[in-house]
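Below is one structure, written out as C-alpha cells; the observations come after it.
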Amino acid sequence: MNDQRIQQLFASQLAVANVGVDVFCDAVQAQHVPAVQVDWRPPAGGDVRLAQILAKLQNLPDNLIEKANREGFARMEAGDPEWTGMVYAHEVLPDMDRYTIGHAGPPLTWEEMCGPMQGAVLGAIRYEGLAETDEEALKLIHSGRIRFRPNHNVQCVGPMTGMITWSMPLFRVVNKAFGNVAFCTINEGLGKVMRFGANDASVIARLKWLEQVLAPALHRAVELHGPFNLKVIMAKALSMGDEMHQRNIAASSLFARTVLPSLVRVIDDQKVLGEVTDFITGNDQFFLNLAMAACKSICDTVKEIPYCTLVTAMSRNGTNFGIKISALGDQWFQAPVLMPEGLFFPGYGPEDANPDMGDSAITETYGIGGFTMGASPAVVRFVGAESVQAAMDYTSSMYQITQGSNSQLTIPTMDFRGAPMGIDVRKVVDTGVTPVINTGMAHKKAGVGQVGAGIVRAPMDCFTQALEAFAQSLHLA
C-alpha cells in the first residue's frame, strides 16, 4: 500500500512549499514546478532557552498575558493628551535643585557619558549660572556636586541629550482620559543647539530667550485659549505626510495655525511678537517636543499592569539603550546603543557621528516616528531609506511586534491602516524583529551639533533581558 502511494506521489503534479534557504525554491521554480518560499524562522532565532520561556508564557492559564496586554492597548488607545500650559522644572519636578540635571536615556555617570552629552552638561551648568567656564563646571562635576538623573524617572522626556535643569520651561501635557501629566522642554530649532551637544554663548542665549520670552508668551496663550488637544494635531499631521519624529513640518504648521491667533492677542510688544512668530513658524521641528510629551503621557498609563508585556519606554543616552516593560514598572533593561545609518550634512560622514541618543524614541514606543514611516514619503530621503516602498516595509514589519493598530492615527498611504501600537516584548524576541527608530545624528565631539539624520534599530539584548526578567518574576525561568 505504501509503495502505491509513493508511486502516485511521483506521478502527480508537484506543488512545493520551501522552508529554509531560498536557493532550493529557486531551483524548483527553474524546473517549471509551482513553488512558494515560506518566510519561517525558528522561535527566538533558534535560542532554545528563550524559546522555552516563550512556550511557558504561552501556556499560562486564563490567558493572563493576553488579557493584560489588551488592557494596556486599550489605555493607549484611550489616551487623550492636552497641552495645558508652561511650567518651570523647579516648580513641578520632585527633589529638584539647581545642581540636578535631567538627561535622556537610562542612568549613567559623567565618566560613561559620550562627547555630546558631556558638552550639553557643561553648557547646562553655565546656563544655570553655576559656573562661568567649562573648567569651573568640571570642578563641580568632579566634586560630586552635580546630580544626574534620567528624565523618564520624573515624568519627563527630552530630545537627544535631553537636558532639563532648574530654570528650564517645560510643556505641561495632561492625559485627560487618565489625569496623569508629562513634561518636555521647548524645541530649540536646528543647527548648533544644546540637545546635540553644542554649548557656546549663542546656545545659552537662545535657551534664556526660550525661558524668559517664549515660555511666558505661550503660557498666556493657553490661558486665553484653553487647553490644546494634541492628538487631533497628530492625527491630521500623519495624514499630511509627517511621521512625527524626523518630519514634523505638518504638525508644526498646524500648531502654529492653532496657537498664533491667541499669541497675537497676548503679546503687546510688536518686536517680541515678531520674534515669537518667526521662531515658531521657522522651526519645522517645533511640534516634536509636544508630541514626545503627548506620547509619554499615554505610555505612562500602561506602567505596572500585572502580566503585561508591552513596552512603556525606549530611550538612549549615547552610551546605552534602555527599555521598560509594563509588568516590571520602572526597571531598566539596557544594552550598548547602536549607530544610526543615514544621510550626513555636507562635510560630515560616518566617522563623525555619535551613537544614537535621546528620549524621543517615546514616539516609537507609542507607535509613530519610525513605526509610521510609510505615512511619510518626504522623510525617506532625509533619513536615508532606500525608497518609499522601503519606508512602507519598515512600517509593515512593525505590525509583527505590536499588539494592534491605532484606530485614531491612520496611514493614508497604506489604505488608512491604523499605526502599529503596543510593542510586545515577547513578539520582538520571538520574531527577531526589533523596533525601528528615526533619529537625528550628533557629532561625537562636544560642541559641534547635528551632523545628519538616519534610522537605527533598538538592540535585541534589551528585549531578551526584559523577557527573562519577566519570566523570573513569574518563577518560570
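Going through the C-alpha cells in order, the chains are called A, B, and so on, while each chain numbers its residues from 1 and the ligands are numbered from 1 in the order shown.
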
Considering only C-alpha atoms, return as a PyMOL selection string whatever protein or nucleic-acid residues lie within 10 Å of Ala44 of chain A, sequence-local ones (same chain, fewer than 4 positions apart) excluded.
chain A and resi 48-54+426-433+464

Prev. selection, N, CA and C atoms, output as a PDB file, in the first residue's frame:
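Everything below was put into part.pdb:
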```
ATOM      1  N   VAL A  48      17.284  28.057  22.261  1.00  0.00           N
ATOM      2  CA  VAL A  48      16.409  27.065  22.901  1.00  0.00           C
ATOM      3  C   VAL A  48      15.853  27.591  24.224  1.00  0.00           C
ATOM      4  N   ARG A  49      16.699  28.224  25.029  1.00  0.00           N
ATOM      5  CA  ARG A  49      16.249  28.703  26.344  1.00  0.00           C
ATOM      6  C   ARG A  49      15.155  29.761  26.190  1.00  0.00           C
ATOM      7  N   LEU A  50      15.366  30.710  25.280  1.00  0.00           N
ATOM      8  CA  LEU A  50      14.353  31.749  25.079  1.00  0.00           C
ATOM      9  C   LEU A  50      13.073  31.162  24.499  1.00  0.00           C
ATOM     10  N   ALA A  51      13.216  30.196  23.595  1.00  0.00           N
ATOM     11  CA  ALA A  51      12.033  29.549  23.023  1.00  0.00           C
ATOM     12  C   ALA A  51      11.239  28.820  24.104  1.00  0.00           C
ATOM     13  N   GLN A  52      11.934  28.205  25.042  1.00  0.00           N
ATOM     14  CA  GLN A  52      11.250  27.524  26.140  1.00  0.00           C
ATOM     15  C   GLN A  52      10.508  28.520  27.030  1.00  0.00           C
ATOM     16  N   ILE A  53      11.135  29.673  27.275  1.00  0.00           N
ATOM     17  CA  ILE A  53      10.466  30.712  28.069  1.00  0.00           C
ATOM     18  C   ILE A  53       9.201  31.181  27.359  1.00  0.00           C
ATOM     19  N   LEU A  54       9.304  31.423  26.051  1.00  0.00           N
ATOM     20  CA  LEU A  54       8.132  31.860  25.291  1.00  0.00           C
ATOM     21  C   LEU A  54       7.021  30.809  25.358  1.00  0.00           C
ATOM     22  N   ARG A 426       7.517  39.953  23.968  1.00  0.00           N
ATOM     23  CA  ARG A 426       7.510  38.544  23.550  1.00  0.00           C
ATOM     24  C   ARG A 426       7.621  38.429  22.032  1.00  0.00           C
ATOM     25  N   LYS A 427       6.884  39.275  21.321  1.00  0.00           N
ATOM     26  CA  LYS A 427       6.891  39.209  19.855  1.00  0.00           C
ATOM     27  C   LYS A 427       8.231  39.655  19.284  1.00  0.00           C
ATOM     28  N   VAL A 428       8.866  40.620  19.937  1.00  0.00           N
ATOM     29  CA  VAL A 428      10.182  41.061  19.480  1.00  0.00           C
ATOM     30  C   VAL A 428      11.167  39.893  19.556  1.00  0.00           C
ATOM     31  N   VAL A 429      11.189  39.208  20.701  1.00  0.00           N
ATOM     32  CA  VAL A 429      12.126  38.088  20.877  1.00  0.00           C
ATOM     33  C   VAL A 429      11.753  36.919  19.973  1.00  0.00           C
ATOM     34  N   ASP A 430      10.474  36.654  19.851  1.00  0.00           N
ATOM     35  CA  ASP A 430      10.009  35.527  19.041  1.00  0.00           C
ATOM     36  C   ASP A 430      10.368  35.706  17.568  1.00  0.00           C
ATOM     37  N   THR A 431      10.088  36.883  17.014  1.00  0.00           N
ATOM     38  CA  THR A 431      10.277  37.123  15.579  1.00  0.00           C
ATOM     39  C   THR A 431      11.692  37.534  15.212  1.00  0.00           C
ATOM     40  N   GLY A 432      12.425  38.099  16.173  1.00  0.00           N
ATOM     41  CA  GLY A 432      13.731  38.660  15.857  1.00  0.00           C
ATOM     42  C   GLY A 432      13.650  40.027  15.213  1.00  0.00           C
ATOM     43  N   VAL A 433      12.449  40.600  15.141  1.00  0.00           N
ATOM     44  CA  VAL A 433      12.251  41.931  14.566  1.00  0.00           C
ATOM     45  C   VAL A 433      12.334  42.966  15.683  1.00  0.00           C
ATOM     46  N   THR A 464      15.565  40.659  25.219  1.00  0.00           N
ATOM     47  CA  THR A 464      15.792  39.335  25.809  1.00  0.00           C
ATOM     48  C   THR A 464      15.962  39.447  27.322  1.00  0.00           C
TER      49      THR A 464
END
```

Per residue of segment 19-115 of chain A within 6 Å of segment 145-164 of chain A, which atom pair is closest and at what distance in Å (one decimal), using only C-alpha atoms, listed by chain and increasing number, as JSON lines?
```
{"residue": "A:Tyr99", "atom": "CA", "partner": "A:Ile146", "partner_atom": "CA", "distance": 5.0}
{"residue": "A:Thr100", "atom": "CA", "partner": "A:Arg147", "partner_atom": "CA", "distance": 4.8}
{"residue": "A:Ile101", "atom": "CA", "partner": "A:Phe148", "partner_atom": "CA", "distance": 5.0}
{"residue": "A:Gly102", "atom": "CA", "partner": "A:Ile164", "partner_atom": "CA", "distance": 4.7}
{"residue": "A:His103", "atom": "CA", "partner": "A:Gly162", "partner_atom": "CA", "distance": 4.7}
{"residue": "A:Ala104", "atom": "CA", "partner": "A:Gly162", "partner_atom": "CA", "distance": 4.5}
{"residue": "A:Pro106", "atom": "CA", "partner": "A:Pro150", "partner_atom": "CA", "distance": 5.7}
{"residue": "A:Pro107", "atom": "CA", "partner": "A:Pro150", "partner_atom": "CA", "distance": 5.6}
```

As number ranges by chain, which residues of segment 225-403 of chain A does DSSP assign to alpha helix (DSSP H)?
A: 225, 230-239, 249-266, 270-281, 286-299, 362-366, 380-383, 388-398

Nearest to Gln472 of chain A among A:Glu275, A:Thr281, A:Leu57, A:Asn354, with distances taken over only C-alpha atoms: which residue is it?
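Residue with the minimum atom-to-atom distance to Gln472 of chain A: A:Leu57.
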
Counting only C-alpha atoms, the option among A:Pro94, A:Gly189, A:Gly46, A:Pro350 closest to Ile280 of chain A:
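Of the candidates, the smallest distance to Ile280 of chain A is held by A:Gly189.
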
Taking 5 positions as the minimum chain separation for residues in the same chain, which residues sit within 9 Å of Ala390 of chain A when counting only C-alpha atoms? Answer as a short mmCIF file (atom, residue, chain, number, x, y, z; two decimals) with N, CA and C atoms, in the first residue's frame.
```cif
data_model
loop_
_atom_site.label_atom_id
_atom_site.label_comp_id
_atom_site.auth_asym_id
_atom_site.auth_seq_id
_atom_site.Cartn_x
_atom_site.Cartn_y
_atom_site.Cartn_z
N MET A 373 6.72 55.41 9.21
CA MET A 373 7.48 55.90 8.06
C MET A 373 6.69 55.77 6.77
N GLY A 374 5.86 54.75 6.70
CA GLY A 374 5.06 54.55 5.49
C GLY A 374 4.10 55.68 5.20
N VAL A 380 11.72 59.98 3.58
CA VAL A 380 12.53 58.85 3.12
C VAL A 380 13.96 59.27 2.83
N ALA A 385 16.38 56.21 3.84
CA ALA A 385 15.69 55.00 3.41
C ALA A 385 15.84 54.84 1.90
N THR A 395 7.26 50.06 8.18
CA THR A 395 6.01 50.13 8.93
C THR A 395 5.32 48.78 8.98
#
```

Between A:Ala78, A:Val36, A:Val213, A:Met441, single out the one closest to Gln246 of chain A, counting only C-alpha atoms.
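Answer, going by the shortest atom-to-atom distance: A:Met441.
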
Among segment 157-349 of chain A, which ones does DSSP place in strand (DSSP E or B), written as a PyMOL selection string?
chain A and resi 157+164+169-175+181-185+228-229+310-317+320-325+333-336+341-344

Please save N, CA and C atoms of the selected residues as a short mmCIF file (atom, residue, chain, number, x, y, z; two decimals), in the first residue's frame.
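Final output, saved to selection-v4.cif:
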```
data_model
loop_
_atom_site.label_atom_id
_atom_site.label_comp_id
_atom_site.auth_asym_id
_atom_site.auth_seq_id
_atom_site.Cartn_x
_atom_site.Cartn_y
_atom_site.Cartn_z
N VAL A 157 10.52 63.90 29.34
CA VAL A 157 11.29 63.45 28.19
C VAL A 157 11.98 64.66 27.58
N ILE A 164 17.50 68.82 31.18
CA ILE A 164 16.44 69.52 31.92
C ILE A 164 17.04 69.99 33.24
N PRO A 169 11.94 76.00 31.03
CA PRO A 169 10.49 75.89 30.87
C PRO A 169 10.11 74.56 30.23
N LEU A 170 8.99 74.03 30.64
CA LEU A 170 8.52 72.73 30.14
C LEU A 170 7.08 72.84 29.66
N PHE A 171 6.78 72.15 28.55
CA PHE A 171 5.39 71.95 28.17
C PHE A 171 4.75 71.03 29.21
N ARG A 172 3.59 71.43 29.70
CA ARG A 172 2.83 70.58 30.61
C ARG A 172 1.70 69.93 29.82
N VAL A 173 1.74 68.60 29.70
CA VAL A 173 0.73 67.86 28.94
C VAL A 173 -0.02 66.93 29.87
N VAL A 174 -1.32 67.02 29.85
CA VAL A 174 -2.18 66.20 30.70
C VAL A 174 -2.93 65.20 29.83
N ASN A 175 -2.86 63.94 30.19
CA ASN A 175 -3.65 62.91 29.54
C ASN A 175 -5.04 62.96 30.16
N VAL A 181 0.25 63.41 34.11
CA VAL A 181 0.92 64.55 33.50
C VAL A 181 2.29 64.13 32.98
N ALA A 182 2.73 64.74 31.88
CA ALA A 182 4.08 64.55 31.35
C ALA A 182 4.63 65.90 30.93
N PHE A 183 5.97 66.00 30.89
CA PHE A 183 6.63 67.27 30.61
C PHE A 183 7.72 67.08 29.56
N CYS A 184 7.95 68.14 28.79
CA CYS A 184 9.06 68.16 27.85
C CYS A 184 9.52 69.60 27.64
N THR A 185 10.79 69.77 27.34
CA THR A 185 11.35 71.08 27.06
C THR A 185 10.82 71.64 25.74
N PHE A 228 -4.96 72.83 24.51
CA PHE A 228 -4.87 72.47 23.10
C PHE A 228 -4.80 70.95 22.98
N ASN A 229 -5.72 70.37 22.21
CA ASN A 229 -5.73 68.92 22.04
C ASN A 229 -4.63 68.50 21.08
N LEU A 310 3.86 44.71 27.41
CA LEU A 310 4.03 45.83 26.48
C LEU A 310 5.14 46.76 26.97
N VAL A 311 5.86 47.33 26.03
CA VAL A 311 6.95 48.26 26.32
C VAL A 311 6.38 49.63 26.65
N THR A 312 6.84 50.24 27.74
CA THR A 312 6.33 51.55 28.16
C THR A 312 7.34 52.67 27.93
N ALA A 313 8.59 52.34 27.67
CA ALA A 313 9.60 53.37 27.38
C ALA A 313 10.75 52.74 26.60
N MET A 314 11.27 53.50 25.63
CA MET A 314 12.52 53.18 24.96
C MET A 314 13.31 54.49 24.93
N SER A 315 14.56 54.44 25.35
CA SER A 315 15.35 55.66 25.39
C SER A 315 16.83 55.33 25.32
N ARG A 316 17.63 56.33 24.90
CA ARG A 316 19.05 56.10 24.74
C ARG A 316 19.83 57.34 25.16
N ASN A 317 21.04 57.13 25.66
CA ASN A 317 21.83 58.25 26.19
C ASN A 317 23.16 58.42 25.46
N ASN A 320 24.17 53.79 26.21
CA ASN A 320 23.31 52.62 26.31
C ASN A 320 21.89 52.92 25.83
N PHE A 321 21.23 51.87 25.40
CA PHE A 321 19.82 51.91 25.03
C PHE A 321 19.07 51.21 26.16
N GLY A 322 17.95 51.78 26.61
CA GLY A 322 17.19 51.16 27.68
C GLY A 322 15.71 51.07 27.36
N ILE A 323 15.08 50.01 27.85
CA ILE A 323 13.63 49.89 27.73
C ILE A 323 13.03 49.55 29.09
N LYS A 324 11.73 49.81 29.21
CA LYS A 324 10.95 49.38 30.36
C LYS A 324 9.74 48.64 29.84
N ILE A 325 9.25 47.65 30.61
CA ILE A 325 8.01 46.99 30.23
C ILE A 325 7.01 47.11 31.36
N PHE A 333 16.15 47.90 31.30
CA PHE A 333 16.89 46.81 30.67
C PHE A 333 17.74 47.44 29.57
N GLN A 334 19.05 47.28 29.70
CA GLN A 334 19.97 48.06 28.88
C GLN A 334 20.92 47.20 28.05
N ALA A 335 21.35 47.79 26.94
CA ALA A 335 22.37 47.19 26.08
C ALA A 335 23.09 48.34 25.38
N PRO A 336 24.31 48.12 24.90
CA PRO A 336 25.01 49.19 24.18
C PRO A 336 24.19 49.71 23.01
N GLU A 341 22.18 54.68 10.75
CA GLU A 341 22.61 54.73 9.35
C GLU A 341 21.71 55.71 8.62
N GLY A 342 22.33 56.62 7.87
CA GLY A 342 21.50 57.61 7.19
C GLY A 342 22.31 58.56 6.34
N LEU A 343 21.83 59.80 6.26
CA LEU A 343 22.47 60.82 5.43
C LEU A 343 23.13 61.86 6.31
N PHE A 344 24.26 62.37 5.83
CA PHE A 344 25.03 63.35 6.59
C PHE A 344 24.99 64.71 5.90
#
```

Report as a short mmCIF file (atom, residue, chain, number, x, y, z; two decimals) with C-alpha atoms, in the first residue's frame all protein, DNA and RNA residues lying within 7 Å of Ala446 of chain A, evaluated on only C-alpha atoms, omitting residues in the same chain fewer than 4 positions from it.
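Here's the written file selection.cif:
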```cif
data_model
loop_
_atom_site.label_atom_id
_atom_site.label_comp_id
_atom_site.auth_asym_id
_atom_site.auth_seq_id
_atom_site.Cartn_x
_atom_site.Cartn_y
_atom_site.Cartn_z
CA GLY A 115 31.06 63.61 23.97
CA PRO A 116 27.85 65.48 23.05
CA GLN A 118 29.18 65.88 28.30
CA GLY A 119 29.17 69.02 26.18
CA GLY A 197 25.83 68.83 22.46
CA ALA A 198 26.56 72.44 21.42
#
```

Which residues are near Ala291 of chain A? Cut-off 8 Å, only C-alpha atoms, ignore same chain within fewer than 3 positions. Put them as a list in words.
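My reading of the contact set: Leu230, Met234, Met244, Phe287, Leu288, Ala294, Cys295 and Thr363 of chain A.
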
Pairwise distance for atom CA of Val436 of chain A and atom CA of Phe371 of chain A, rounded to one decimal in Å
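Distance reported for this atom pair: 6.6 Å.
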
Quick one: of A:Arg98, A:Lys236, A:Lys176, A:Lys271, who's nearest to Glu82 of chain A, counting only C-alpha atoms?
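Distance minimum relative to Glu82 of chain A lands on A:Lys176.
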